file work.cif (mmCIF, C-alpha atoms)
data_query
loop_
_atom_site.label_atom_id
_atom_site.label_comp_id
_atom_site.auth_asym_id
_atom_site.auth_seq_id
_atom_site.Cartn_x
_atom_site.Cartn_y
_atom_site.Cartn_z
CA MET A 1 -20.36 -17.49 -25.91
CA GLY A 2 -20.25 -20.09 -23.18
CA ASP A 3 -20.07 -19.11 -19.55
CA TYR A 4 -18.21 -15.83 -20.01
CA SER A 5 -19.69 -12.81 -18.20
CA LYS A 6 -20.27 -9.49 -19.92
CA SER A 7 -17.46 -7.87 -17.91
CA GLU A 8 -15.07 -10.61 -19.03
CA LEU A 9 -16.02 -10.24 -22.68
CA LEU A 10 -15.88 -6.44 -23.01
CA PRO A 11 -12.06 -6.24 -23.22
CA GLY A 12 -12.07 -9.04 -25.82
CA ILE A 13 -14.73 -7.34 -27.92
CA PHE A 14 -12.79 -4.10 -27.71
CA PHE A 15 -9.62 -5.92 -28.69
CA ALA A 16 -11.31 -7.52 -31.71
CA ALA A 17 -12.36 -4.08 -32.91
CA PHE A 18 -8.85 -2.76 -32.37
CA LEU A 19 -7.37 -5.73 -34.24
CA ALA A 20 -9.64 -5.06 -37.21
CA GLY A 21 -8.52 -1.45 -37.25
CA ALA A 22 -4.90 -2.48 -36.92
CA CYS A 23 -5.22 -4.58 -40.06
CA GLY A 24 -6.03 -1.45 -42.02
CA MET A 25 -3.98 1.18 -40.22
CA GLY A 26 -0.89 -0.81 -39.34
CA GLY A 27 -1.06 -3.81 -41.61
CA TYR A 28 2.59 -3.51 -42.49
CA TYR A 29 3.55 -4.04 -38.85
CA LEU A 30 0.82 -6.55 -37.97
CA PRO A 31 2.71 -9.78 -38.88
CA GLY A 32 5.58 -8.84 -36.59
CA ALA A 33 3.18 -8.10 -33.76
CA MET A 34 1.33 -11.39 -34.24
CA HIS A 35 4.61 -13.26 -34.18
CA GLY A 36 5.78 -11.45 -31.04
CA ALA A 37 2.53 -12.09 -29.16
CA GLY A 38 2.41 -15.81 -29.94
CA SER A 39 -0.56 -17.96 -30.85
CA PRO A 40 -3.60 -17.28 -28.65
CA LEU A 41 -6.44 -19.53 -27.54
CA SER A 42 -9.95 -18.36 -28.46
CA GLY A 43 -10.94 -18.11 -24.80
CA ASP A 44 -7.93 -15.93 -24.06
CA ILE A 45 -8.93 -13.54 -26.83
CA LEU A 46 -12.51 -13.29 -25.59
CA ARG A 47 -11.49 -12.63 -22.00
CA GLY A 48 -8.88 -10.11 -23.06
CA LYS A 49 -5.98 -12.17 -21.68
CA TRP A 50 -4.03 -12.18 -24.95
CA ALA A 51 -4.54 -8.47 -25.55
CA PRO A 52 -1.68 -7.25 -23.30
CA LYS A 53 0.79 -9.49 -25.17
CA PHE A 54 -0.41 -8.25 -28.54
CA GLU A 55 -0.49 -4.66 -27.34
CA LYS A 56 3.16 -4.75 -26.33
CA ALA A 57 4.28 -6.58 -29.48
CA PHE A 58 2.27 -4.25 -31.75
CA GLY A 59 3.59 -1.19 -29.93
CA ASP A 60 7.14 -2.44 -30.21
CA ALA A 61 6.68 -3.05 -33.94
CA LEU A 62 5.41 0.46 -34.65
CA PRO A 63 7.87 3.33 -35.10
CA VAL A 64 5.91 5.28 -32.47
CA GLY A 65 5.62 2.48 -29.92
CA THR A 66 5.09 4.61 -26.82
CA GLN A 67 2.37 6.70 -28.44
CA SER A 68 0.57 3.61 -29.71
CA ARG A 69 0.62 1.94 -26.29
CA ASP A 70 -0.62 5.13 -24.65
CA GLY A 71 -3.38 5.33 -27.23
CA TRP A 72 -4.44 1.78 -26.47
CA GLY A 73 -4.46 2.51 -22.74
CA LEU A 74 -6.51 5.67 -23.18
CA ALA A 75 -9.03 3.96 -25.45
CA GLU A 76 -9.54 1.02 -23.09
CA TYR A 77 -9.91 3.36 -20.09
CA GLU A 78 -12.43 5.65 -21.79
CA ALA A 79 -14.41 2.83 -23.39
CA PHE A 80 -14.65 0.41 -20.48
CA GLY A 81 -13.21 2.15 -17.42
CA GLN A 82 -10.38 -0.36 -17.27
CA GLY A 83 -6.64 0.04 -16.85
CA ARG A 84 -3.68 -2.22 -17.32
CA LYS A 85 -2.95 -5.14 -15.06
CA GLY A 86 -2.12 -3.75 -11.64
CA VAL A 87 -5.00 -1.32 -11.17
CA VAL A 88 -8.74 -1.55 -10.51
CA VAL A 89 -10.61 1.52 -11.70
CA GLY A 90 -13.35 2.82 -9.42
CA ARG A 91 -15.85 5.64 -9.75
CA GLU A 92 -15.00 9.29 -10.33
CA GLY A 93 -11.28 8.78 -10.77
CA TRP A 94 -10.65 6.56 -7.75
CA LEU A 95 -7.97 3.92 -8.38
CA TYR A 96 -7.12 0.83 -6.34
CA THR A 97 -4.14 -1.51 -6.48
CA ALA A 98 -5.05 -4.88 -7.99
CA GLU A 99 -3.15 -6.56 -5.13
CA GLU A 100 -6.18 -5.91 -2.93
CA PHE A 101 -8.37 -7.98 -5.27
CA SER A 102 -6.18 -11.03 -5.71
CA CYS A 103 -5.75 -14.28 -3.81
CA PRO A 104 -2.12 -15.40 -4.04
CA VAL A 105 -1.26 -19.07 -4.25
CA ASP A 106 -1.27 -20.58 -0.74
CA ALA A 107 -2.97 -17.47 0.66
CA GLU A 108 -4.38 -19.37 3.66
CA ASP A 109 -1.03 -20.93 4.54
CA ASN A 110 0.73 -17.60 4.05
CA LEU A 111 -1.70 -15.95 6.45
CA LYS A 112 -1.15 -18.57 9.15
CA GLN A 113 2.62 -18.37 8.81
CA ASN A 114 2.68 -14.57 8.80
CA LEU A 115 0.43 -14.24 11.85
CA SER A 116 2.53 -16.82 13.64
CA TYR A 117 5.68 -14.87 12.75
CA ILE A 118 4.19 -11.64 14.08
CA ALA A 119 3.01 -13.25 17.32
CA ASP A 120 6.37 -14.95 17.82
CA LYS A 121 8.33 -11.73 17.37
CA VAL A 122 6.05 -9.78 19.71
CA LYS A 123 6.42 -12.52 22.33
CA GLY A 124 10.20 -12.16 22.03
CA PHE A 125 9.98 -8.39 22.41
CA THR A 126 7.84 -8.78 25.52
CA ALA A 127 10.44 -11.07 27.03
CA LYS A 128 12.98 -8.25 26.56
CA ASN A 129 10.60 -5.74 28.18
CA ILE A 130 9.86 -4.06 24.85
CA ARG A 131 6.20 -3.15 24.42
CA THR A 132 4.85 -3.60 20.89
CA ILE A 133 1.86 -2.21 19.03
CA VAL A 134 0.94 -3.47 15.58
CA ALA A 135 -0.53 -0.69 13.43
CA LEU A 136 -2.60 -2.77 11.01
CA ILE A 137 -3.29 -0.56 7.98
CA PRO A 138 -6.55 -1.36 6.17
CA ALA A 139 -6.61 -1.83 2.44
CA LYS A 140 -7.83 1.20 0.57
CA ALA A 141 -10.65 -0.91 -0.90
CA ARG A 142 -11.77 -1.82 2.63
CA ALA A 143 -11.54 1.69 4.03
CA LEU A 144 -13.28 3.30 1.03
CA PRO A 145 -15.44 0.65 -0.66
CA GLU A 146 -18.06 3.20 -1.72
CA HIS A 147 -15.87 4.28 -4.65
CA LEU A 148 -15.53 0.79 -6.12
CA ASN A 149 -17.31 0.26 -9.40
CA GLY A 150 -18.70 -3.22 -8.83
CA ALA A 151 -15.39 -4.78 -7.74
CA ALA A 152 -15.43 -6.83 -4.54
CA LEU A 153 -12.74 -8.19 -2.26
CA PRO A 154 -12.06 -11.89 -2.97
CA GLY A 155 -12.68 -14.64 -0.43
CA CYS A 156 -9.15 -14.66 0.99
CA ARG A 157 -9.42 -10.94 1.79
CA ARG A 158 -13.11 -10.41 2.50
CA ASP A 159 -12.84 -10.59 6.31
CA LEU A 160 -9.06 -10.45 6.47
CA TYR A 161 -8.63 -7.33 8.58
CA GLN A 162 -10.93 -8.24 11.44
CA ASN A 163 -10.01 -11.93 11.44
CA ALA A 164 -6.29 -11.16 11.50
CA ARG A 165 -6.69 -8.56 14.23
CA ASN A 166 -8.79 -10.90 16.37
CA THR A 167 -6.28 -13.73 15.94
CA LEU A 168 -3.39 -11.52 16.99
CA LEU A 169 -5.30 -10.10 19.95
CA GLN A 170 -6.08 -13.63 21.12
CA GLN A 171 -2.35 -14.37 21.06
CA GLY A 172 -1.59 -11.34 23.20
CA VAL A 173 -0.49 -9.02 20.40
CA PRO A 174 -1.73 -5.42 20.83
CA VAL A 175 -3.21 -4.31 17.50
CA ALA A 176 -4.39 -0.73 17.03
CA ASP A 177 -7.82 -0.65 15.39
CA VAL A 178 -6.87 1.71 12.59
CA LEU A 179 -9.83 0.58 10.47
CA GLY A 180 -12.32 1.38 13.21
CA ALA A 181 -10.78 4.81 13.69
CA MET A 182 -10.94 5.50 9.96
CA GLN A 183 -14.54 4.35 9.68
CA SER A 184 -15.52 6.77 12.43
CA GLN A 185 -14.22 9.76 10.48
CA ILE A 186 -16.74 12.04 8.82
CA ALA A 187 -14.49 13.13 5.93
CA ARG A 188 -13.25 9.65 5.03
CA ASP A 189 -12.36 10.56 1.44
CA ASP A 190 -9.47 12.52 2.91
CA LEU A 191 -7.81 9.38 4.30
CA TYR A 192 -6.40 7.93 1.06
CA LEU A 193 -5.21 9.46 -2.18
CA LYS A 194 -7.50 8.87 -5.18
CA THR A 195 -4.74 7.83 -7.58
CA ASP A 196 -2.22 6.32 -5.17
CA THR A 197 -1.96 3.12 -3.13
CA HIS A 198 -1.13 5.04 0.03
CA TRP A 199 -2.94 7.05 2.62
CA THR A 200 -2.88 10.81 2.90
CA GLN A 201 -1.32 12.64 5.81
CA GLU A 202 -4.78 12.82 7.35
CA GLY A 203 -5.03 9.03 7.20
CA ALA A 204 -1.58 8.75 8.78
CA ARG A 205 -2.62 11.14 11.52
CA VAL A 206 -5.73 9.10 12.35
CA ALA A 207 -3.57 5.97 12.58
CA ALA A 208 -1.00 7.68 14.79
CA LYS A 209 -3.68 8.79 17.24
CA GLN A 210 -5.02 5.24 17.40
CA VAL A 211 -1.55 3.86 18.09
CA ALA A 212 -1.10 6.40 20.87
CA ALA A 213 -4.45 5.41 22.37
CA ALA A 214 -3.29 1.79 22.46
CA ALA A 215 0.04 2.81 24.02
CA HIS A 216 -1.73 4.65 26.82
CA THR A 217 -3.21 1.35 28.00
CA PHE A 218 0.26 0.07 28.93
CA ASN A 219 1.24 0.33 32.59
CA ASN A 220 4.56 1.96 33.45
CA LEU A 221 5.56 2.72 29.87
CA ASP A 222 7.28 5.94 30.97
CA LEU A 223 8.37 7.33 27.61
CA PRO A 224 10.78 10.30 27.74
CA PRO A 225 8.52 13.33 27.44
CA GLY A 226 8.64 15.75 24.56
CA THR A 227 6.32 18.25 22.94
CA PHE A 228 5.75 18.11 19.21
CA GLU A 229 3.47 20.20 17.03
CA SER A 230 2.29 19.58 13.47
CA GLU A 231 1.67 22.57 11.26
CA PRO A 232 0.39 22.72 7.66
CA THR A 233 2.92 23.51 4.97
CA ALA A 234 2.46 24.72 1.41
CA ALA A 235 0.01 22.50 -0.46
CA GLY A 236 1.50 20.53 -3.30
CA LYS A 237 0.57 17.92 -5.92
CA ARG A 238 1.50 14.27 -6.23
CA ASP A 239 1.63 11.87 -9.18
CA GLY A 240 -0.23 8.82 -7.90
CA ASP A 241 1.62 5.51 -8.15
CA LEU A 242 -1.47 3.89 -9.72
CA ALA A 243 -1.71 6.43 -12.55
CA ARG A 244 1.09 4.61 -14.38
CA TYR A 245 -1.37 1.81 -15.12
CA LEU A 246 -3.47 4.25 -17.20
CA PRO A 247 -0.97 5.37 -19.86
CA GLY A 248 -2.24 8.15 -22.04
CA ALA A 249 -5.33 8.73 -19.87
CA GLY A 250 -4.04 12.08 -18.69
CA VAL A 251 -4.44 11.42 -14.96
CA ALA A 252 -3.57 14.76 -13.38
CA PRO A 253 -1.33 15.12 -10.33
CA GLU A 254 -3.42 15.05 -7.19
CA PRO A 255 -3.60 18.01 -4.78
CA PHE A 256 -1.79 17.05 -1.60
CA LYS A 257 -2.20 18.62 1.85
CA ALA A 258 1.04 18.45 3.79
CA TRP A 259 2.00 18.87 7.43
CA LYS A 260 5.36 19.17 9.15
CA THR A 261 5.98 18.06 12.72
CA SER A 262 8.59 19.83 14.83
CA ALA A 263 9.73 19.64 18.43
CA THR A 264 8.63 22.67 20.44
CA VAL A 265 10.83 21.87 23.46
CA SER A 266 14.14 20.10 23.87
CA VAL A 267 13.78 16.32 23.69
CA ALA A 268 16.15 13.38 23.83
CA GLY A 269 17.14 12.30 20.34
CA THR A 270 16.19 13.59 16.92
CA GLY A 271 14.76 10.42 15.43
CA SER A 272 17.68 9.59 13.14
CA MET A 273 20.38 6.95 12.97
CA GLN A 274 22.88 9.64 13.92
CA ASP A 275 21.58 9.41 17.47
CA LEU A 276 22.77 5.81 17.65
CA LEU A 277 26.27 6.92 16.66
CA GLY A 278 26.53 10.23 18.49
CA ASP A 279 26.13 11.41 22.06
CA ALA A 280 22.37 11.89 22.06
CA PRO A 281 20.40 8.90 23.36
CA ALA A 282 18.21 7.08 20.88
CA PRO A 283 14.48 7.72 21.10
CA ALA A 284 12.53 5.30 23.29
CA VAL A 285 10.05 4.62 20.47
CA THR A 286 11.02 2.81 17.27
CA LEU A 287 8.86 2.61 14.15
CA VAL A 288 9.30 -0.35 11.79
CA GLY A 289 7.23 -0.65 8.63
CA THR A 290 6.81 -0.03 4.94
CA SER A 291 6.48 2.98 2.66
CA TYR A 292 3.45 4.09 4.68
CA SER A 293 5.96 4.91 7.43
CA ALA A 294 9.23 5.40 5.54
CA ASN A 295 8.06 7.94 2.96
CA PRO A 296 8.25 11.42 4.52
CA SER A 297 5.34 12.49 2.32
CA TRP A 298 2.93 10.89 4.81
CA ASN A 299 4.58 12.24 8.00
CA PHE A 300 3.46 9.17 9.95
CA ASP A 301 6.48 9.27 12.25
CA GLY A 302 5.87 12.96 12.88
CA PHE A 303 2.26 12.38 13.86
CA LEU A 304 3.40 9.54 16.13
CA LYS A 305 5.77 11.92 17.90
CA GLU A 306 2.94 14.39 18.40
CA ALA A 307 0.42 11.77 19.58
CA LEU A 308 2.84 9.90 21.86
CA LYS A 309 4.51 13.10 23.09
CA SER A 310 7.86 11.38 22.66
CA ASP A 311 10.54 11.09 20.00
CA VAL A 312 10.46 8.30 17.40
CA LEU A 313 13.29 6.50 15.60
CA ASN A 314 12.05 5.65 12.11
CA MET A 315 13.50 2.35 10.86
CA ALA A 316 10.87 1.74 8.16
CA GLU A 317 11.93 1.09 4.57
CA GLU A 318 10.31 1.52 1.19
CA GLY A 319 10.17 -1.26 -1.37
CA GLN A 320 10.08 -4.06 1.22
CA GLY A 321 7.32 -6.03 2.89
CA PRO A 322 6.72 -5.36 6.61
CA LEU A 323 8.10 -8.74 7.68
CA VAL A 324 11.30 -8.34 5.66
CA VAL A 325 11.87 -4.91 7.21
CA MET A 326 11.47 -6.47 10.66
CA ASP A 327 14.00 -9.17 9.71
CA LYS A 328 16.49 -6.46 8.76
CA TYR A 329 15.82 -4.46 11.91
CA LEU A 330 16.41 -7.50 14.10
CA ALA A 331 19.62 -8.32 12.23
CA GLY A 332 21.04 -4.86 12.92
CA ASN A 333 22.71 -3.49 16.02
CA GLY A 334 20.11 -0.86 16.88
CA ILE A 335 17.77 -3.09 18.83
CA LYS A 336 20.73 -4.72 20.60
CA ASP A 337 22.58 -1.55 21.54
CA SER A 338 19.57 0.70 22.20
CA PRO A 339 16.40 -1.37 22.64
CA PRO A 340 13.27 0.78 22.56
CA LYS A 341 10.64 0.89 25.26
CA LEU A 342 7.92 0.90 22.60
CA LEU A 343 8.05 -0.66 19.15
CA VAL A 344 5.40 0.37 16.61
CA TRP A 345 5.12 -2.17 13.78
CA GLU A 346 3.19 -0.81 10.79
CA ILE A 347 1.75 -3.63 8.64
CA PRO A 348 -0.54 -3.09 5.62
CA GLU A 349 -3.17 -5.82 5.71
CA ARG A 350 -2.70 -6.79 2.07
CA TYR A 351 0.69 -8.34 2.89
CA LEU A 352 -0.78 -10.83 5.35
CA VAL A 353 -1.80 -13.33 2.64
CA MET A 354 1.42 -12.91 0.67
CA PRO A 355 4.64 -14.88 1.08
CA HIS A 356 6.98 -13.58 3.78
CA GLY A 357 9.56 -12.12 1.44
CA VAL A 358 7.25 -10.52 -1.11
CA ALA A 359 7.98 -7.00 -2.33
CA PRO A 360 5.26 -4.55 -3.40
CA GLN A 361 4.34 -4.18 -7.06
#

call {"tool": "encode", "arguments": {"input": "work.cif", "output": "structure tokens"}}
result
Amino acid sequence: MGDYSKSELLPGIFFAAFLAGACGMGGYYLPGAMHGAGSPLSGDILRGKWAPKFEKAFGDALPVGTQSRDGWGLAEYEAFGQGRKGVVVGREGWLYTAEEFSCPVDAEDNLKQNLSYIADKVKGFTAKNIRTIVALIPAKARALPEHLNGAALPGCRRDLYQNARNTLLQQGVPVADVLGAMQSQIARDDLYLKTDTHWTQEGARVAAKQVAAAAHTFNNLDLPPGTFESEPTAAGKRDGDLARYLPGAGVAPEPFKAWKTSATVSVAGTGSMQDLLGDAPAPAVTLVGTSYSANPSWNFDGFLKEALKSDVLNMAEEGQGPLVVMDKYLAGNGIKDSPPKLLVWEIPERYLVMPHGVAPQ
């Protein structure tokens, strides 16, 4: 079978068995599926690369397309512990985004350009007397590698976190060591959701404390004081964003511990855009970032308020890369009309080797 590894061949072998069954069970619909999938190369069949095309075409041809596709997904997951493109299946139900295991085209050039962009923006903020802290969020696969089932980070990502952090530090960019803080935790499984790309609220809280520790090293920061307290709320459940890559596998919603942060004394600002338009002054801390910051499910801005003991204006956005969100923030009037004293820039490490304008999967 040439130079193909066993792991490469398993999906192809499984597909061959499925194809044989399809001839008997769905022979009426098989010609249409073959036509829709196109002519494959033998190597593509063996490595399972043609299977997704056939799967979709066969499912579309059947009267019960959704059920058939879910059945295929369930069978592949149970037989080989594999999901659809977009997910890497670990041990005991742990799922990882496939983005963390890929090397995009021009990854090295992307990294250089992105780090240069970050350093350039921070230099500009410093010139305007705005202190900046980059909250570099480690990939889930880096923070919790013990749950991987033989998968390994590729060359472009193997030492990405530490190399990127060191490069930025050498250029005068303060970077909170979120990875180091996470690695020091005893209950590290609580830092990320099993079936989701994102961290848990506990992971967000660890990061917020690390950002605050970095902020305390600044001289004369003088943030407006406030007192915030985080209290647990009713536990809930969350459908992980990676579960969609395992159709039909019956991945259950994941128990989710939630906290809510509230001000316990009067503070300047409420952390909303309304402050920029009303009488209340805008908070002296601004948070820019991705869904790790924008999604209220993680309460990252709340934990920042508590750790910094000051209010936070959350300008993060979901569905955008961290550099694009910064572009939009700089293009707005907020930073011009009410520049913060402290800017917290949340950046997931996996974006560093991607093109500037990339959006998450």

call {"tool": "residues_near_point", "arguments": {"input": "work.cif", "point": "(1.9, -5.0, 23.0)", "cutoff": "10 Å", "atoms": "only C-alpha atoms", "output": "ChimeraX atom specification"}}
result
/A:122-123,125-126,130-134,169,172-176,214-215,217-218,342-344

call {"tool": "residues_around", "arguments": {"input": "work.cif", "residues": "A:Phe101", "least_positions_apart": "2", "cutoff": "9 Å", "atoms": "only C-alpha atoms", "output": "list in words"}}
result
Val88, Tyr96, Thr97, Ala98, Glu99, Cys103, Ala141, Ala151, Ala152, Leu153, Pro154 and Arg157 of chain A

call {"tool": "residues_near_point", "arguments": {"input": "work.cif", "point": "(5.4, -11.9, 9.0)", "cutoff": "6 Å", "atoms": "all atoms listed in the file", "output": "ChimeraX atom specification"}}
result
/A:114,117-118,323,356

call {"tool": "resolve_selection", "arguments": {"input": "work.cif", "expression": "the PyMOL selection byres ((chain A and resi 227) around 10)", "output": "list of chain:residue names"}}
result
A:Pro225, A:Gly226, A:Phe228, A:Glu229, A:Ser262, A:Ala263, A:Thr264, A:Val265, A:Ser266, A:Val267, A:Lys305, A:Glu306, A:Ala307, A:Leu308, A:Lys309, A:Ser310, A:Asp311

call {"tool": "resolve_selection", "arguments": {"input": "work.cif", "expression": "the PyMOL selection byres ((chain A and resi 232) around 12)", "output": "list in words"}}
result
Gln201, Glu202, Glu229, Ser230, Glu231, Thr233, Ala234, Ala235, Gly236, Phe256, Lys257, Ala258, Trp259, Lys260, Thr261, Ser262 and Asn299 of chain A

call {"tool": "residues_around", "arguments": {"input": "work.cif", "residues": "A:Lys209", "least_positions_apart": "4", "cutoff": "8 Å", "atoms": "only C-alpha atoms", "output": "number ranges by chain"}}
result
A: 205, 213, 303-304, 307

call {"tool": "write_last_selection", "arguments": {"input": "work.cif", "atoms": "C-alpha atoms", "output": "mmCIF file, in the frame of the given file"}}
result
data_model
loop_
_atom_site.group_PDB
_atom_site.id
_atom_site.type_symbol
_atom_site.label_atom_id
_atom_site.label_comp_id
_atom_site.auth_asym_id
_atom_site.auth_seq_id
_atom_site.Cartn_x
_atom_site.Cartn_y
_atom_site.Cartn_z
ATOM 1 C CA ARG A 205 -2.620 11.140 11.520
ATOM 2 C CA ALA A 213 -4.450 5.410 22.370
ATOM 3 C CA PHE A 303 2.260 12.380 13.860
ATOM 4 C CA LEU A 304 3.400 9.540 16.130
ATOM 5 C CA ALA A 307 0.420 11.770 19.580
#

call {"tool": "resolve_selection", "arguments": {"input": "work.cif", "expression": "the PyMOL selection byres ((chain A and resi 165) around 10)", "output": "PyMOL selection string"}}
result
chain A and resi 115+134+136+160-164+166-171+173-177+349

call {"tool": "residues_around", "arguments": {"input": "work.cif", "residues": "A:Asp190", "least_positions_apart": "4", "cutoff": "12 Å", "atoms": "all atoms listed in the file", "output": "list in words"}}
result
Lys140, Ala143, Leu144, Met182, Gln183, Gln185, Ile186, Lys194, His198, Trp199, Thr200, Gln201, Glu202, Gly203, Ala204, Arg205, Val206, Pro255, Phe256 and Lys257 of chain A

call {"tool": "atom_distance", "arguments": {"input": "work.cif", "atom1": "atom CA of A:Ser102", "atom2": "atom CA of A:Ser297"}}
result
27.4 Å

call {"tool": "closest_residue", "arguments": {"input": "work.cif", "among": "A:Gly180, A:Asp120, A:Thr286, A:Trp94", "to": "A:Asp196", "atoms": "all atoms listed in the file"}}
result
A:Trp94

call {"tool": "atom_distance", "arguments": {"input": "work.cif", "atom1": "atom CA of A:Ser116", "atom2": "atom CA of A:Lys336"}}
result
22.9 Å

call {"tool": "closest_residue", "arguments": {"input": "work.cif", "among": "A:Leu246, A:Val312, A:Val325, A:Ile137", "to": "A:Val358", "atoms": "only C-alpha atoms"}}
result
A:Val325

call {"tool": "atom_distance", "arguments": {"input": "work.cif", "atom1": "atom CA of A:Tyr245", "atom2": "atom CA of A:Lys85"}}
result
7.1 Å

call {"tool": "closest_residue", "arguments": {"input": "work.cif", "among": "A:Leu313, A:Ser291, A:Val87, A:Met354", "to": "A:Lys112", "atoms": "all atoms listed in the file"}}
result
A:Met354

call {"tool": "build_atoms", "arguments": {"input": "work.cif", "residues": "stretch 126-145 of chain A", "atoms": "N, CA and C atoms", "output": "PDB file, in the coordinates of the input"}}
result
ATOM      1  N   THR A 126       8.383  -8.857  24.159  1.00  0.00           N
ATOM      2  CA  THR A 126       7.840  -8.780  25.520  1.00  0.00           C
ATOM      3  C   THR A 126       8.813  -9.364  26.528  1.00  0.00           C
ATOM      4  N   ALA A 127       9.462 -10.449  26.142  1.00  0.00           N
ATOM      5  CA  ALA A 127      10.440 -11.070  27.030  1.00  0.00           C
ATOM      6  C   ALA A 127      11.620 -10.149  27.304  1.00  0.00           C
ATOM      7  N   LYS A 128      11.886  -9.226  26.399  1.00  0.00           N
ATOM      8  CA  LYS A 128      12.980  -8.250  26.560  1.00  0.00           C
ATOM      9  C   LYS A 128      12.467  -6.933  27.125  1.00  0.00           C
ATOM     10  N   ASN A 129      11.225  -6.932  27.608  1.00  0.00           N
ATOM     11  CA  ASN A 129      10.600  -5.740  28.180  1.00  0.00           C
ATOM     12  C   ASN A 129      10.409  -4.628  27.154  1.00  0.00           C
ATOM     13  N   ILE A 130      10.186  -5.009  25.912  1.00  0.00           N
ATOM     14  CA  ILE A 130       9.860  -4.060  24.850  1.00  0.00           C
ATOM     15  C   ILE A 130       8.362  -4.200  24.549  1.00  0.00           C
ATOM     16  N   ARG A 131       7.629  -3.136  24.758  1.00  0.00           N
ATOM     17  CA  ARG A 131       6.200  -3.150  24.420  1.00  0.00           C
ATOM     18  C   ARG A 131       6.045  -2.976  22.917  1.00  0.00           C
ATOM     19  N   THR A 132       5.061  -3.642  22.341  1.00  0.00           N
ATOM     20  CA  THR A 132       4.850  -3.600  20.890  1.00  0.00           C
ATOM     21  C   THR A 132       3.395  -3.290  20.576  1.00  0.00           C
ATOM     22  N   ILE A 133       3.193  -2.467  19.576  1.00  0.00           N
ATOM     23  CA  ILE A 133       1.860  -2.210  19.030  1.00  0.00           C
ATOM     24  C   ILE A 133       1.916  -2.412  17.529  1.00  0.00           C
ATOM     25  N   VAL A 134       1.065  -3.281  17.019  1.00  0.00           N
ATOM     26  CA  VAL A 134       0.940  -3.470  15.580  1.00  0.00           C
ATOM     27  C   VAL A 134      -0.070  -2.454  15.043  1.00  0.00           C
ATOM     28  N   ALA A 135       0.373  -1.632  14.116  1.00  0.00           N
ATOM     29  CA  ALA A 135      -0.530  -0.690  13.430  1.00  0.00           C
ATOM     30  C   ALA A 135      -0.962  -1.368  12.133  1.00  0.00           C
ATOM     31  N   LEU A 136      -2.104  -2.038  12.173  1.00  0.00           N
ATOM     32  CA  LEU A 136      -2.600  -2.770  11.010  1.00  0.00           C
ATOM     33  C   LEU A 136      -3.335  -1.798  10.087  1.00  0.00           C
ATOM     34  N   ILE A 137      -2.759  -1.573   8.899  1.00  0.00           N
ATOM     35  CA  ILE A 137      -3.290  -0.560   7.980  1.00  0.00           C
ATOM     36  C   ILE A 137      -4.292  -1.205   7.033  1.00  0.00           C
ATOM     37  N   PRO A 138      -5.538  -0.749   7.041  1.00  0.00           N
ATOM     38  CA  PRO A 138      -6.550  -1.360   6.170  1.00  0.00           C
ATOM     39  C   PRO A 138      -6.286  -1.086   4.708  1.00  0.00           C
ATOM     40  N   ALA A 139      -6.678  -2.032   3.883  1.00  0.00           N
ATOM     41  CA  ALA A 139      -6.610  -1.830   2.440  1.00  0.00           C
ATOM     42  C   ALA A 139      -7.483  -0.649   2.057  1.00  0.00           C
ATOM     43  N   LYS A 140      -7.058   0.052   1.057  1.00  0.00           N
ATOM     44  CA  LYS A 140      -7.830   1.200   0.570  1.00  0.00           C
ATOM     45  C   LYS A 140      -9.231   0.773   0.154  1.00  0.00           C
ATOM     46  N   ALA A 141      -9.338  -0.406  -0.472  1.00  0.00           N
ATOM     47  CA  ALA A 141     -10.650  -0.910  -0.900  1.00  0.00           C
ATOM     48  C   ALA A 141     -11.549  -1.214   0.295  1.00  0.00           C
ATOM     49  N   ARG A 142     -10.969  -1.544   1.442  1.00  0.00           N
ATOM     50  CA  ARG A 142     -11.770  -1.820   2.630  1.00  0.00           C
ATOM     51  C   ARG A 142     -12.184  -0.504   3.317  1.00  0.00           C
ATOM     52  N   ALA A 143     -11.244   0.428   3.365  1.00  0.00           N
ATOM     53  CA  ALA A 143     -11.540   1.690   4.030  1.00  0.00           C
ATOM     54  C   ALA A 143     -12.511   2.551   3.230  1.00  0.00           C
ATOM     55  N   LEU A 144     -12.435   2.458   1.892  1.00  0.00           N
ATOM     56  CA  LEU A 144     -13.280   3.300   1.030  1.00  0.00           C
ATOM     57  C   LEU A 144     -13.952   2.448  -0.051  1.00  0.00           C
ATOM     58  N   PRO A 145     -14.811   1.508   0.335  1.00  0.00           N
ATOM     59  CA  PRO A 145     -15.440   0.650  -0.660  1.00  0.00           C
ATOM     60  C   PRO A 145     -16.502   1.358  -1.490  1.00  0.00           C
TER      61      PRO A 145
END
